[in-house]
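Heads up, target_30.txt below (compact mmCIF, C-alpha atoms and all ligand atoms):
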# COMPACT_ATOMS: atom_id res chain seq x y z
CA MET Q 1 135.51 130.73 83.39
CA ARG Q 2 137.74 130.28 80.38
CA ILE Q 3 136.33 126.82 79.81
CA LYS Q 4 132.81 128.11 79.68
CA THR Q 5 133.65 130.52 76.87
CA SER Q 6 135.33 127.73 75.01
CA TRP Q 7 132.13 125.63 75.05
CA ASN Q 8 130.20 128.69 73.92
CA ARG Q 9 132.73 129.21 71.19
CA ARG Q 10 132.09 125.68 69.96
CA GLY Q 11 128.35 126.23 69.93
CA PHE Q 12 128.61 129.65 68.35
CA LEU Q 13 130.86 128.40 65.61
CA GLY Q 14 128.63 125.51 64.76
CA THR Q 15 125.47 126.87 63.29
CA ALA Q 16 126.70 130.33 62.40
CA ALA Q 17 129.76 129.11 60.52
CA ALA Q 18 127.88 126.34 58.75
CA MET Q 19 125.22 128.76 57.57
CA ALA Q 20 127.71 131.38 56.47
CA ALA Q 21 129.84 128.79 54.73
CA SER Q 22 126.97 127.46 52.65
CA VAL Q 23 126.35 130.74 50.84
CA PHE Q 24 129.90 131.40 49.75
CA ALA Q 25 131.56 130.03 46.70
CA PRO Q 26 134.13 127.29 47.22
CA ARG Q 27 137.78 128.13 46.92
CA LYS Q 28 140.53 126.24 45.20
CA LEU Q 29 142.73 124.72 47.86
CA PHE Q 30 144.95 122.47 45.79
CA SER Q 31 146.67 123.17 42.51
CA THR Q 32 144.90 121.38 39.70
CA ALA Q 33 148.07 119.99 38.12
CA THR Q 34 148.56 117.34 40.79
CA ALA Q 35 145.05 117.34 42.09
CA SER Q 36 143.64 114.39 40.23
CA THR Q 37 146.05 111.86 41.68
CA ALA Q 38 146.16 110.42 45.17
CA GLY Q 39 149.30 108.34 45.45
CA ASN Q 40 149.46 106.50 42.15
CA VAL Q 41 145.70 106.28 41.76
CA SER Q 42 144.04 108.66 39.38
CA VAL Q 43 140.65 109.88 40.44
CA THR Q 44 137.76 110.50 38.09
CA GLY Q 45 134.31 111.70 39.05
CA PHE Q 46 133.86 112.84 42.62
CA GLY Q 47 137.20 114.04 43.96
CA GLN Q 48 138.80 114.65 40.58
CA SER Q 49 139.44 118.32 41.34
CA GLY Q 50 141.58 117.33 44.30
CA ASN Q 51 139.14 118.98 46.69
CA PRO Q 52 135.97 116.95 47.25
CA TYR Q 53 134.67 119.61 49.66
CA ASP Q 54 134.68 122.16 46.85
CA GLU Q 55 132.80 119.72 44.69
CA LEU Q 56 130.07 119.50 47.33
CA GLY Q 57 129.96 123.28 47.63
CA VAL Q 58 131.19 123.22 51.24
CA THR Q 59 133.77 125.91 51.92
CA THR Q 60 137.04 124.83 53.50
CA VAL Q 61 138.37 127.30 56.03
CA ILE Q 62 141.67 128.53 57.39
CA ASN Q 63 141.62 127.47 61.01
CA CYS Q 64 142.88 130.00 63.58
CA GLN Q 65 140.95 128.34 66.40
CA GLY Q 66 142.82 125.12 67.01
CA THR Q 67 141.70 121.52 67.23
CA MET Q 68 137.92 121.90 67.14
CA THR Q 69 135.83 118.85 66.32
CA MET Q 70 133.31 121.27 64.76
CA LEU Q 71 135.94 122.23 62.15
CA GLY Q 72 137.29 118.74 61.55
CA GLY Q 73 139.83 118.53 64.36
CA SER Q 74 143.23 118.39 62.73
CA VAL Q 75 144.80 117.34 59.41
CA LEU Q 76 146.62 114.06 58.81
CA ARG Q 77 150.33 113.88 58.19
CA PRO Q 78 151.05 112.34 54.74
CA GLU Q 79 152.91 109.40 56.30
CA LEU Q 80 149.89 108.63 58.45
CA GLU Q 81 147.58 108.77 55.42
CA ALA Q 82 149.84 106.23 53.71
CA VAL Q 83 149.76 103.79 56.63
CA MET Q 84 145.99 104.11 57.02
CA ALA Q 85 145.59 103.31 53.33
CA MET Q 86 147.66 100.12 53.86
CA ALA Q 87 145.38 99.19 56.76
CA GLY Q 88 142.35 99.47 54.51
CA ARG Q 89 143.53 96.75 52.15
CA HIS Q 90 143.18 93.72 54.45
CA PHE Q 91 140.72 91.84 56.63
CA VAL Q 92 141.70 91.20 60.21
CA ASN Q 93 140.20 90.06 63.51
CA ILE Q 94 139.32 93.36 65.17
CA PRO Q 95 139.47 92.35 68.87
CA ALA Q 96 142.89 90.77 68.26
CA LEU Q 97 144.01 93.94 66.47
CA GLU Q 98 142.72 96.08 69.35
CA VAL Q 99 144.77 94.08 71.87
CA ALA Q 100 147.94 94.15 69.75
CA ALA Q 101 147.61 97.88 69.05
CA GLY Q 102 146.93 98.55 72.73
CA LYS Q 103 150.09 96.67 73.71
CA ARG Q 104 152.19 98.60 71.20
CA ILE Q 105 150.81 101.89 72.49
CA ALA Q 106 151.47 100.86 76.12
CA GLU Q 107 155.11 100.14 75.14
CA MET Q 108 155.50 103.43 73.28
CA LEU Q 109 154.17 105.35 76.28
CA LYS Q 110 156.20 103.22 78.73
CA LEU Q 111 153.08 102.73 80.83
CA PRO Q 112 153.52 101.24 84.30
CA ASP Q 113 153.19 97.45 84.69
CA GLY Q 114 149.60 96.33 84.66
CA TYR Q 115 148.50 99.20 82.40
CA MET Q 116 147.15 98.91 78.87
CA ALA Q 117 145.71 101.08 76.09
CA LEU Q 118 142.65 100.80 73.87
CA VAL Q 119 141.93 102.70 70.67
CA THR Q 120 138.37 104.02 70.77
CA SER Q 121 136.45 106.17 68.31
CA GLY Q 122 137.42 109.27 70.30
CA ALA Q 123 137.89 110.48 73.86
CA ALA Q 124 134.11 110.67 74.30
CA ALA Q 125 133.84 106.96 73.47
CA ALA Q 126 136.73 106.23 75.83
CA ILE Q 127 134.84 107.95 78.65
CA GLN Q 128 131.69 105.93 78.02
CA SER Q 129 133.29 102.53 77.48
CA GLY Q 130 135.74 103.00 80.35
CA LEU Q 131 132.89 103.59 82.77
CA ALA Q 132 130.78 100.84 81.20
CA GLY Q 133 133.63 98.38 81.85
CA ILE Q 134 133.82 99.42 85.49
CA LEU Q 135 130.06 98.89 85.89
CA THR Q 136 129.78 95.51 84.16
CA GLY Q 137 133.15 93.91 84.72
CA GLY Q 138 133.40 90.96 82.35
CA ASN Q 139 129.81 89.84 82.99
CA GLU Q 140 128.08 89.31 79.63
CA ALA Q 141 124.56 89.57 81.00
CA LEU Q 142 125.35 92.92 82.61
CA ILE Q 143 127.01 94.15 79.40
CA ARG Q 144 123.82 93.38 77.47
CA GLN Q 145 121.71 94.99 80.18
CA LEU Q 146 123.28 98.50 80.13
CA PRO Q 147 122.02 101.22 80.60
CA ASP Q 148 119.69 99.37 82.99
CA LEU Q 149 121.87 99.30 86.12
CA THR Q 150 119.92 96.70 88.13
CA GLY Q 151 122.51 94.73 90.11
CA MET Q 152 125.34 97.20 89.37
CA LYS Q 153 126.76 100.31 91.04
CA SER Q 154 125.00 103.42 89.87
CA GLU Q 155 126.75 106.62 90.94
CA VAL Q 156 129.75 108.64 89.74
CA ILE Q 157 131.17 111.42 91.88
CA ILE Q 158 132.32 114.62 90.16
CA GLN Q 159 133.28 118.09 91.37
CA LYS Q 160 130.57 120.60 90.54
CA SER Q 161 133.01 122.79 88.60
CA HIS Q 162 134.06 119.77 86.50
CA ARG Q 163 130.63 119.24 84.94
CA ASN Q 164 130.84 119.74 81.14
CA PRO Q 165 129.11 118.60 77.94
CA PHE Q 166 131.18 115.41 77.79
CA ASP Q 167 129.73 114.08 81.04
CA HIS Q 168 126.81 113.06 78.83
CA GLN Q 169 129.01 110.09 77.99
CA LEU Q 170 129.05 109.14 81.68
CA ARG Q 171 125.28 109.62 82.01
CA SER Q 172 124.65 107.51 78.90
CA THR Q 173 125.59 104.40 80.93
CA GLY Q 174 122.62 105.12 83.22
CA VAL Q 175 124.62 106.39 86.20
CA LYS Q 176 123.67 109.36 88.31
CA LEU Q 177 126.30 112.08 88.72
CA ILE Q 178 126.82 113.12 92.33
CA GLU Q 179 128.17 116.67 92.49
CA ILE Q 180 130.46 117.66 95.34
CA GLU Q 181 132.63 120.69 96.10
CA THR Q 182 134.53 120.04 99.33
CA ARG Q 183 136.56 117.12 100.68
CA ASP Q 184 133.90 116.60 103.35
CA GLN Q 185 131.15 116.41 100.76
CA LEU Q 186 133.24 113.87 98.86
CA ARG Q 187 133.64 111.72 101.97
CA GLN Q 188 129.90 111.83 102.60
CA ALA Q 189 129.06 111.06 98.98
CA VAL Q 190 131.03 107.79 98.85
CA ASN Q 191 128.80 104.75 99.41
CA ASP Q 192 128.11 101.20 98.16
CA ARG Q 193 126.62 102.56 94.95
CA THR Q 194 129.72 104.60 93.98
CA ALA Q 195 131.23 103.18 90.79
CA MET Q 196 133.84 105.82 89.94
CA MET Q 197 135.28 109.27 90.69
CA HIS Q 198 135.54 111.40 87.55
CA PHE Q 199 138.05 114.23 86.97
CA SER Q 200 137.95 116.75 84.08
CA ASN Q 201 141.57 117.67 83.57
CA PHE Q 202 140.94 121.08 81.98
CA ALA Q 203 138.96 122.08 85.10
CA ASN Q 204 141.84 121.39 87.50
CA ALA Q 205 142.17 125.04 88.51
CA ALA Q 206 138.42 125.46 89.04
CA GLY Q 207 137.86 122.67 91.57
CA GLN Q 208 138.84 122.64 95.25
CA ILE Q 209 140.39 119.16 94.89
CA LYS Q 210 143.29 119.08 92.42
CA VAL Q 211 144.32 116.31 90.07
CA ASP Q 212 146.87 114.58 92.36
CA GLU Q 213 144.74 114.76 95.50
CA TRP Q 214 141.66 113.44 93.67
CA VAL Q 215 143.36 110.16 92.81
CA LYS Q 216 144.85 109.86 96.33
CA LEU Q 217 141.39 110.18 97.80
CA GLY Q 218 140.11 107.62 95.29
CA LYS Q 219 142.69 105.15 96.53
CA GLN Q 220 141.73 105.87 100.15
CA PHE Q 221 138.09 105.08 99.38
CA ASN Q 222 139.01 102.24 97.03
CA ILE Q 223 137.08 103.83 94.14
CA PRO Q 224 138.52 103.84 90.59
CA CYS Q 225 139.35 107.30 89.20
CA MET Q 226 139.08 108.45 85.59
CA ASN Q 227 140.77 111.58 84.22
CA ASP Q 228 139.40 113.05 80.99
CA ALA Q 229 142.49 114.69 79.48
CA ALA Q 230 141.08 114.68 75.92
CA ALA Q 231 142.56 117.95 74.69
CA ASP Q 232 145.48 118.14 77.10
CA THR Q 233 148.48 117.38 74.95
CA PRO Q 234 150.80 119.21 74.54
CA PRO Q 235 152.78 118.81 76.73
CA VAL Q 236 153.47 115.31 75.47
CA SER Q 237 154.23 114.12 79.02
CA HIS Q 238 150.54 114.30 79.87
CA LEU Q 239 150.22 111.01 77.97
CA TRP Q 240 151.87 109.25 80.92
CA ASP Q 241 151.71 111.77 83.80
CA TYR Q 242 148.25 110.73 84.99
CA THR Q 243 148.71 106.97 84.94
CA ASN Q 244 151.99 107.56 86.80
CA MET Q 245 149.98 109.59 89.30
CA GLY Q 246 147.80 106.52 89.86
CA TYR Q 247 144.71 107.19 87.74
CA ASP Q 248 142.92 103.96 86.85
CA LEU Q 249 141.70 105.30 83.50
CA VAL Q 250 142.76 108.28 81.38
CA THR Q 251 141.22 109.43 78.10
CA PHE Q 252 142.74 111.31 75.15
CA SER Q 253 141.46 112.53 71.85
CA GLY Q 254 143.37 111.08 68.88
CA GLY Q 255 142.25 113.69 66.38
CA LYS Q 256 143.30 116.83 68.25
CA ALA Q 257 146.93 117.89 68.77
CA MET Q 258 148.23 114.35 68.16
CA ARG Q 259 146.86 114.71 64.62
CA GLY Q 260 145.66 111.13 64.52
CA PRO Q 261 142.55 109.95 62.67
CA GLN Q 262 139.59 112.21 63.46
CA CYS Q 263 137.53 109.26 64.69
CA ALA Q 264 140.09 107.87 67.11
CA GLY Q 265 140.95 108.30 70.76
CA LEU Q 266 142.74 106.52 73.57
CA LEU Q 267 141.60 104.88 76.76
CA ILE Q 268 144.67 104.24 78.89
CA GLY Q 269 144.50 102.45 82.20
CA ARG Q 270 144.49 99.34 84.31
CA LYS Q 271 144.56 96.17 82.20
CA ASP Q 272 141.39 94.64 83.67
CA LEU Q 273 139.42 97.85 83.24
CA VAL Q 274 140.62 98.39 79.68
CA ALA Q 275 139.76 94.79 78.76
CA ASN Q 276 136.25 95.25 80.17
CA ALA Q 277 135.90 98.52 78.26
CA LEU Q 278 136.61 96.66 75.02
CA LEU Q 279 133.92 94.08 75.86
CA ASN Q 280 131.45 96.98 76.06
CA ASN Q 281 132.54 98.40 72.72
CA SER Q 282 132.31 97.72 68.99
CA PRO Q 283 132.82 95.24 67.34
CA HIS Q 284 131.01 93.37 70.15
CA GLU Q 285 127.28 93.36 69.50
CA ASP Q 286 124.46 94.02 71.92
CA THR Q 287 126.67 96.49 73.77
CA LEU Q 288 126.30 100.16 74.65
CA GLY Q 289 129.46 100.96 72.70
CA ARG Q 290 128.49 99.20 69.46
CA SER Q 291 127.54 102.64 68.11
CA GLN Q 292 131.11 103.84 68.60
CA LYS Q 293 132.75 101.74 65.94
CA VAL Q 294 136.45 102.23 65.47
CA GLY Q 295 137.72 100.80 62.19
CA LYS Q 296 140.89 98.94 61.36
CA GLU Q 297 142.17 102.06 59.58
CA GLU Q 298 141.72 104.18 62.70
CA ILE Q 299 143.24 101.58 65.01
CA ILE Q 300 146.35 101.27 62.84
CA GLY Q 301 146.28 105.05 62.27
CA MET Q 302 146.25 105.80 65.99
CA VAL Q 303 149.39 103.68 66.54
CA LYS Q 304 151.16 105.48 63.70
CA ALA Q 305 149.95 108.93 64.77
CA LEU Q 306 151.27 108.35 68.26
CA GLU Q 307 154.63 107.19 66.92
CA LEU Q 308 154.90 110.33 64.76
CA TYR Q 309 153.73 112.57 67.59
CA LEU Q 310 156.24 111.16 70.07
CA LYS Q 311 159.17 111.73 67.76
CA GLU Q 312 158.31 115.33 66.88
CA ASP Q 313 160.66 118.06 68.05
CA HIS Q 314 158.05 119.67 70.30
CA ASP Q 315 160.20 122.72 71.14
CA ALA Q 316 160.83 123.44 67.47
CA LEU Q 317 157.12 123.13 66.75
CA GLU Q 318 156.30 125.60 69.47
CA ARG Q 319 158.84 128.08 68.06
CA GLU Q 320 157.29 127.67 64.61
CA TRP Q 321 153.78 128.32 66.00
CA GLN Q 322 155.05 131.43 67.80
CA ALA Q 323 156.83 132.67 64.65
CA ARG Q 324 153.59 132.39 62.64
CA LEU Q 325 151.77 134.50 65.23
CA GLU Q 326 154.55 137.08 65.18
CA LEU Q 327 154.31 137.34 61.41
CA VAL Q 328 150.62 138.17 61.74
CA SER Q 329 151.35 140.54 64.63
CA ARG Q 330 153.97 142.53 62.65
CA GLU Q 331 151.44 143.18 59.90
CA LEU Q 332 148.59 144.11 62.24
CA THR Q 333 150.50 146.40 64.58
CA ARG Q 334 151.38 148.67 61.65
CA ILE Q 335 147.75 149.76 61.72
CA PRO Q 336 147.25 152.71 64.13
CA GLY Q 337 145.32 151.63 67.24
CA VAL Q 338 145.88 147.88 66.88
CA SER Q 339 147.84 145.96 69.50
CA THR Q 340 148.67 142.32 70.08
CA SER Q 341 149.79 140.27 73.05
CA PHE Q 342 150.80 136.65 73.49
CA PHE Q 343 149.79 133.98 76.00
CA VAL Q 344 149.68 130.22 76.45
CA PRO Q 345 146.63 128.70 78.20
CA ASP Q 346 147.75 126.63 81.21
CA ILE Q 347 145.92 123.52 80.14
CA ALA Q 348 144.03 122.39 77.02
CA ASN Q 349 145.24 124.05 73.82
CA HIS Q 350 148.52 124.60 75.67
CA VAL Q 351 150.08 126.29 72.62
CA PRO Q 352 151.02 129.91 71.74
CA HIS Q 353 147.98 132.18 71.37
CA MET Q 354 147.73 135.82 70.32
CA GLN Q 355 145.17 138.31 71.48
CA ILE Q 356 144.35 141.15 69.06
CA THR Q 357 142.70 144.35 70.32
CA TRP Q 358 142.07 147.78 68.82
CA ASP Q 359 140.87 151.19 69.93
CA SER Q 360 137.98 153.34 68.73
CA LYS Q 361 139.84 154.37 65.55
CA ILE Q 362 138.50 151.13 64.14
CA SER Q 363 134.73 151.02 63.97
CA LEU Q 364 134.18 147.27 64.26
CA GLU Q 365 133.29 144.93 67.10
CA PRO Q 366 135.33 141.71 67.34
CA HIS Q 367 132.35 139.56 66.30
CA GLN Q 368 131.92 141.70 63.17
CA VAL Q 369 135.57 141.20 62.19
CA SER Q 370 135.12 137.49 62.81
CA GLN Q 371 132.02 137.45 60.57
CA LEU Q 372 133.73 139.38 57.75
CA LEU Q 373 136.67 136.98 57.75
CA ARG Q 374 134.39 133.96 57.75
CA ASN Q 375 132.77 135.39 54.66
CA SER Q 376 136.02 136.32 52.93
CA LYS Q 377 137.77 134.27 50.29
CA PRO Q 378 139.55 132.23 51.46
CA ALA Q 379 137.32 131.88 54.52
CA ILE Q 380 139.06 132.31 57.86
CA VAL Q 381 137.71 131.13 61.20
CA ILE Q 382 138.92 133.30 64.06
CA GLY Q 383 136.95 134.09 67.19
CA GLY Q 384 136.95 135.86 70.47
CA GLY Q 385 137.93 133.58 73.17
CA GLU Q 386 139.67 132.36 76.25
CA GLY Q 387 137.57 134.94 78.11
CA ARG Q 388 139.55 137.87 76.73
CA PRO Q 389 138.46 141.01 74.89
CA GLY Q 390 139.17 141.38 71.16
CA LEU Q 391 140.05 138.44 68.95
CA THR Q 392 142.16 135.46 69.89
CA MET Q 393 143.99 133.18 67.52
CA CYS Q 394 146.36 130.25 67.64
CA SER Q 395 148.46 129.03 64.75
CA PHE Q 396 149.10 125.31 65.32
CA MET Q 397 146.41 124.20 62.87
CA LEU Q 398 147.49 126.60 60.10
CA GLN Q 399 148.80 125.01 56.91
CA PRO Q 400 152.00 126.32 55.30
CA GLY Q 401 151.51 129.86 53.96
CA GLU Q 402 148.21 130.44 55.71
CA ASP Q 403 149.78 132.74 58.32
CA LYS Q 404 150.47 135.21 55.49
CA ILE Q 405 146.91 135.00 54.22
CA VAL Q 406 145.54 135.60 57.72
CA ALA Q 407 147.85 138.62 58.15
CA GLU Q 408 146.75 140.11 54.82
CA GLN Q 409 143.02 139.52 55.22
CA LEU Q 410 142.83 140.61 58.82
CA SER Q 411 144.77 143.83 58.18
CA ARG Q 412 142.65 144.55 55.08
CA VAL Q 413 139.44 144.31 57.12
CA LEU Q 414 140.81 146.44 59.97
CA ARG Q 415 142.21 149.09 57.59
CA GLU Q 416 138.96 149.30 55.65
CA HIS Q 417 137.19 150.27 58.86
CA SER Q 418 139.85 152.62 60.22
CA ALA Q 419 139.00 156.27 60.77
C1 LIG E 501 137.34 117.04 72.66
C2 LIG E 501 137.01 116.61 74.06
C3 LIG E 501 136.40 115.37 74.31
C4 LIG E 501 135.94 114.47 73.20
O1 LIG E 501 136.99 113.99 72.43
P1 LIG E 501 136.70 113.25 71.03
O2 LIG E 501 138.00 112.64 70.69
O3 LIG E 501 136.27 114.32 70.09
O4 LIG E 501 135.62 112.26 71.27
C5 LIG E 501 136.15 115.03 75.62
N1 LIG E 501 136.49 115.83 76.64
C6 LIG E 501 137.08 117.04 76.45
C7 LIG E 501 137.42 117.89 77.62
C8 LIG E 501 137.36 117.48 75.14
O5 LIG E 501 137.96 118.66 74.93
Is it possible to give me this structure as structure tokens?
Amino acid sequence: MRIKTSWNRRGFLGTAAAMAASVFAPRKLFSTATASTAGNVSVTGFGQSGNPYDELGVTTVINCQGTMTMLGGSVLRPELEAVMAMAGRHFVNIPALEVAAGKRIAEMLKLPDGYMALVTSGAAAAIQSGLAGILTGGNEALIRQLPDLTGMKSEVIIQKSHRNPFDHQLRSTGVKLIEIETRDQLRQAVNDRTAMMHFSNFANAAGQIKVDEWVKLGKQFNIPCMNDAAADTPPVSHLWDYTNMGYDLVTFSGGKAMRGPQCAGLLIGRKDLVANALLNNSPHEDTLGRSQKVGKEEIIGMVKALELYLKEDHDALEREWQARLELVSRELTRIPGVSTSFFVPDIANHVPHMQITWDSKISLEPHQVSQLLRNSKPAIVIGGGEGRPGLTMCSFMLQPGEDKIVAEQLSRVLREHSA
């Protein structure tokens, strides 16, 4: 049920946070001394303060919730910004760039022979174009015809517990989703119309058929299998675990924990399927995926982001994330009645989290604390979550020094309402 609350959390954050944000004054995020220069370029007009969001009157927030698309995903490493800027200064043949970038990514990930990668505009685009490629093959007439499936397969099998908002990207190709729960139901559901078997990686625990068995059954029935693992790094090994397991296509978000460009993602899989996915995608016109343009800056950026991500010291990062939470915890647990505990979700946002609870000495409900912090200066986004009582936070999207601010603001609010 954890997943369900996480979708709700996304929805809840959306409108409420946007509305709250609009009425509060912007905060200064960057010091003004260096703010007017980006690299060696001095900026006048829009952006001259160093914070264009401030200039639009949109409040930037301290993010205790992790890599949420609703909050802008993640922030770019400076070295990645620099390489993306280089990419923006030239013209290039985009399909040729896509193929070259895909090859480089396949090498970096040491993908099995016969596997390839494609940079898409996000994991959602990878889901849609991956399936589109399976449906159309390389047939131009069929590519133009989507989402009219006349002459193509038309069904995708999915476990009932794996349904989620991103299966809209499957349905957008015109296919019908066939829900099953048991192995027997799966066997009965397979027929001449079956195009693909879809797996939602975060839902592994919820379904009767687990990730490794799903792909084995796919091979038995000779049906290609896709695994949507969009938010499922770390651990970094997930980038190759599922192709090694035999999945035909695997999708990842570029702009979540990998901290790539926000509008980038990866489709990794069998060469023929990945090539056909590209034919169904921008820059090719009269295609379903033309609306999911991925630019030269994002394609180059995704290669660089992956390089930087792979060479991180992942254990050191995890210790740093835990240390930030402990700093906040030390401050909060000095308040009578407040306690904290730590956990790491098994899959998706697999990073240190802290749950914060308090007893009746403090006269506030968790959603009220959350609201007060969203309205504080600086604004802090922290929610309930992961199906647990109280508030839950993670620290991997905090910028340097923000752990201290969170500790101070959160303890101020709790103390102000202590009996
Ligand atoms: C975030 C997410 C996506 C979409 O990824 P984008 O890169 O934002 O397009 C798809 N599936 C799941 C499970 C996700 O968490």
Please report as JSON lines every residue of chain Q lying within 10 Å of ligand LIG 501 (chain E), along with the nearest atom pair and their distance in Å (one decimal), using all atoms listed in the file.
{"residue": "Q:Ile3", "atom": "CA", "partner": "E:LIG501", "partner_atom": "C7", "distance": 9.3}
{"residue": "Q:Ser6", "atom": "CA", "partner": "E:LIG501", "partner_atom": "O5", "distance": 9.4}
{"residue": "Q:Trp7", "atom": "CA", "partner": "E:LIG501", "partner_atom": "O5", "distance": 9.1}
{"residue": "Q:Thr67", "atom": "CA", "partner": "E:LIG501", "partner_atom": "C1", "distance": 8.3}
{"residue": "Q:Met68", "atom": "CA", "partner": "E:LIG501", "partner_atom": "C1", "distance": 7.4}
{"residue": "Q:Thr69", "atom": "CA", "partner": "E:LIG501", "partner_atom": "O3", "distance": 5.9}
{"residue": "Q:Met70", "atom": "CA", "partner": "E:LIG501", "partner_atom": "O3", "distance": 9.2}
{"residue": "Q:Gly72", "atom": "CA", "partner": "E:LIG501", "partner_atom": "O3", "distance": 9.7}
{"residue": "Q:Gly73", "atom": "CA", "partner": "E:LIG501", "partner_atom": "O3", "distance": 8.0}
{"residue": "Q:Thr120", "atom": "CA", "partner": "E:LIG501", "partner_atom": "O2", "distance": 8.6}
{"residue": "Q:Ser121", "atom": "CA", "partner": "E:LIG501", "partner_atom": "O4", "distance": 6.8}
{"residue": "Q:Gly122", "atom": "CA", "partner": "E:LIG501", "partner_atom": "O2", "distance": 3.4}
{"residue": "Q:Ala123", "atom": "CA", "partner": "E:LIG501", "partner_atom": "O2", "distance": 3.8}
{"residue": "Q:Ala124", "atom": "CA", "partner": "E:LIG501", "partner_atom": "O4", "distance": 3.7}
{"residue": "Q:Ala125", "atom": "CA", "partner": "E:LIG501", "partner_atom": "O4", "distance": 6.0}
{"residue": "Q:Ala126", "atom": "CA", "partner": "E:LIG501", "partner_atom": "O4", "distance": 7.6}
{"residue": "Q:Ile127", "atom": "CA", "partner": "E:LIG501", "partner_atom": "C5", "distance": 7.8}
{"residue": "Q:His162", "atom": "CA", "partner": "E:LIG501", "partner_atom": "C7", "distance": 9.7}
{"residue": "Q:Asn164", "atom": "CA", "partner": "E:LIG501", "partner_atom": "C7", "distance": 7.7}
{"residue": "Q:Pro165", "atom": "CA", "partner": "E:LIG501", "partner_atom": "N1", "distance": 8.0}
{"residue": "Q:Phe166", "atom": "CA", "partner": "E:LIG501", "partner_atom": "C5", "distance": 5.4}
{"residue": "Q:Asp167", "atom": "CA", "partner": "E:LIG501", "partner_atom": "N1", "distance": 8.3}
{"residue": "Q:Gln169", "atom": "CA", "partner": "E:LIG501", "partner_atom": "C5", "distance": 9.0}
{"residue": "Q:Ser200", "atom": "CA", "partner": "E:LIG501", "partner_atom": "C7", "distance": 6.6}
{"residue": "Q:Asn201", "atom": "CA", "partner": "E:LIG501", "partner_atom": "C7", "distance": 7.3}
{"residue": "Q:Phe202", "atom": "CA", "partner": "E:LIG501", "partner_atom": "C7", "distance": 6.4}
{"residue": "Q:Ala203", "atom": "CA", "partner": "E:LIG501", "partner_atom": "C7", "distance": 8.7}
{"residue": "Q:Asn227", "atom": "CA", "partner": "E:LIG501", "partner_atom": "N1", "distance": 9.7}
{"residue": "Q:Asp228", "atom": "CA", "partner": "E:LIG501", "partner_atom": "N1", "distance": 5.9}
{"residue": "Q:Ala229", "atom": "CA", "partner": "E:LIG501", "partner_atom": "C7", "distance": 6.3}
{"residue": "Q:Ala230", "atom": "CA", "partner": "E:LIG501", "partner_atom": "C6", "distance": 4.7}
{"residue": "Q:Ala231", "atom": "CA", "partner": "E:LIG501", "partner_atom": "O5", "distance": 4.7}
{"residue": "Q:Asp232", "atom": "CA", "partner": "E:LIG501", "partner_atom": "O5", "distance": 7.8}
{"residue": "Q:Thr251", "atom": "CA", "partner": "E:LIG501", "partner_atom": "C5", "distance": 8.0}
{"residue": "Q:Phe252", "atom": "CA", "partner": "E:LIG501", "partner_atom": "O2", "distance": 6.6}
{"residue": "Q:Ser253", "atom": "CA", "partner": "E:LIG501", "partner_atom": "O2", "distance": 3.7}
{"residue": "Q:Gly254", "atom": "CA", "partner": "E:LIG501", "partner_atom": "O2", "distance": 5.9}
{"residue": "Q:Gly255", "atom": "CA", "partner": "E:LIG501", "partner_atom": "O2", "distance": 6.1}
{"residue": "Q:Lys256", "atom": "CA", "partner": "E:LIG501", "partner_atom": "O2", "distance": 7.2}
{"residue": "Q:Gly260", "atom": "CA", "partner": "E:LIG501", "partner_atom": "O2", "distance": 10.0}
{"residue": "Q:Pro261", "atom": "CA", "partner": "E:LIG501", "partner_atom": "O2", "distance": 9.6}
{"residue": "Q:Gln262", "atom": "CA", "partner": "E:LIG501", "partner_atom": "O2", "distance": 7.4}
{"residue": "Q:Cys263", "atom": "CA", "partner": "E:LIG501", "partner_atom": "O2", "distance": 6.9}
{"residue": "Q:Ala264", "atom": "CA", "partner": "E:LIG501", "partner_atom": "O2", "distance": 6.3}
{"residue": "Q:Gly265", "atom": "CA", "partner": "E:LIG501", "partner_atom": "O2", "distance": 5.2}
{"residue": "Q:Leu266", "atom": "CA", "partner": "E:LIG501", "partner_atom": "O2", "distance": 8.3}
{"residue": "Q:Gln292", "atom": "CA", "partner": "E:LIG501", "partner_atom": "O4", "distance": 9.9}
{"residue": "Q:Ala348", "atom": "CA", "partner": "E:LIG501", "partner_atom": "O5", "distance": 7.4}
{"residue": "Q:Asn349", "atom": "CA", "partner": "E:LIG501", "partner_atom": "O5", "distance": 9.1}
Residues within 8 Å of Q:Val156, all atoms listed in the file, excluding chain neighbours under 3 positions, as a VMD selection string = chain Q and resid 175 to 178 194 to 198
query = What does the distance between atom CA of Q:Gln322 and atom CA of Q:Pro352 come to in Å, to one decimal place?
reply =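 For atom CA of Q:Gln322 relative to atom CA of Q:Pro352, the distance reads 5.8 Å.
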ask   = Using all atoms listed in the file, which residue out of Q:Ile143, Q:Leu288, Q:Ile105, Q:Val236 lies closest to Q:Lys304?
value = Q:Ile105
note = With distances taken over only C-alpha atoms, the candidate from Q:Asp346, Q:Glu365, Q:Asp248, Q:Glu312 nearest Q:Ile223 is Q:Asp248
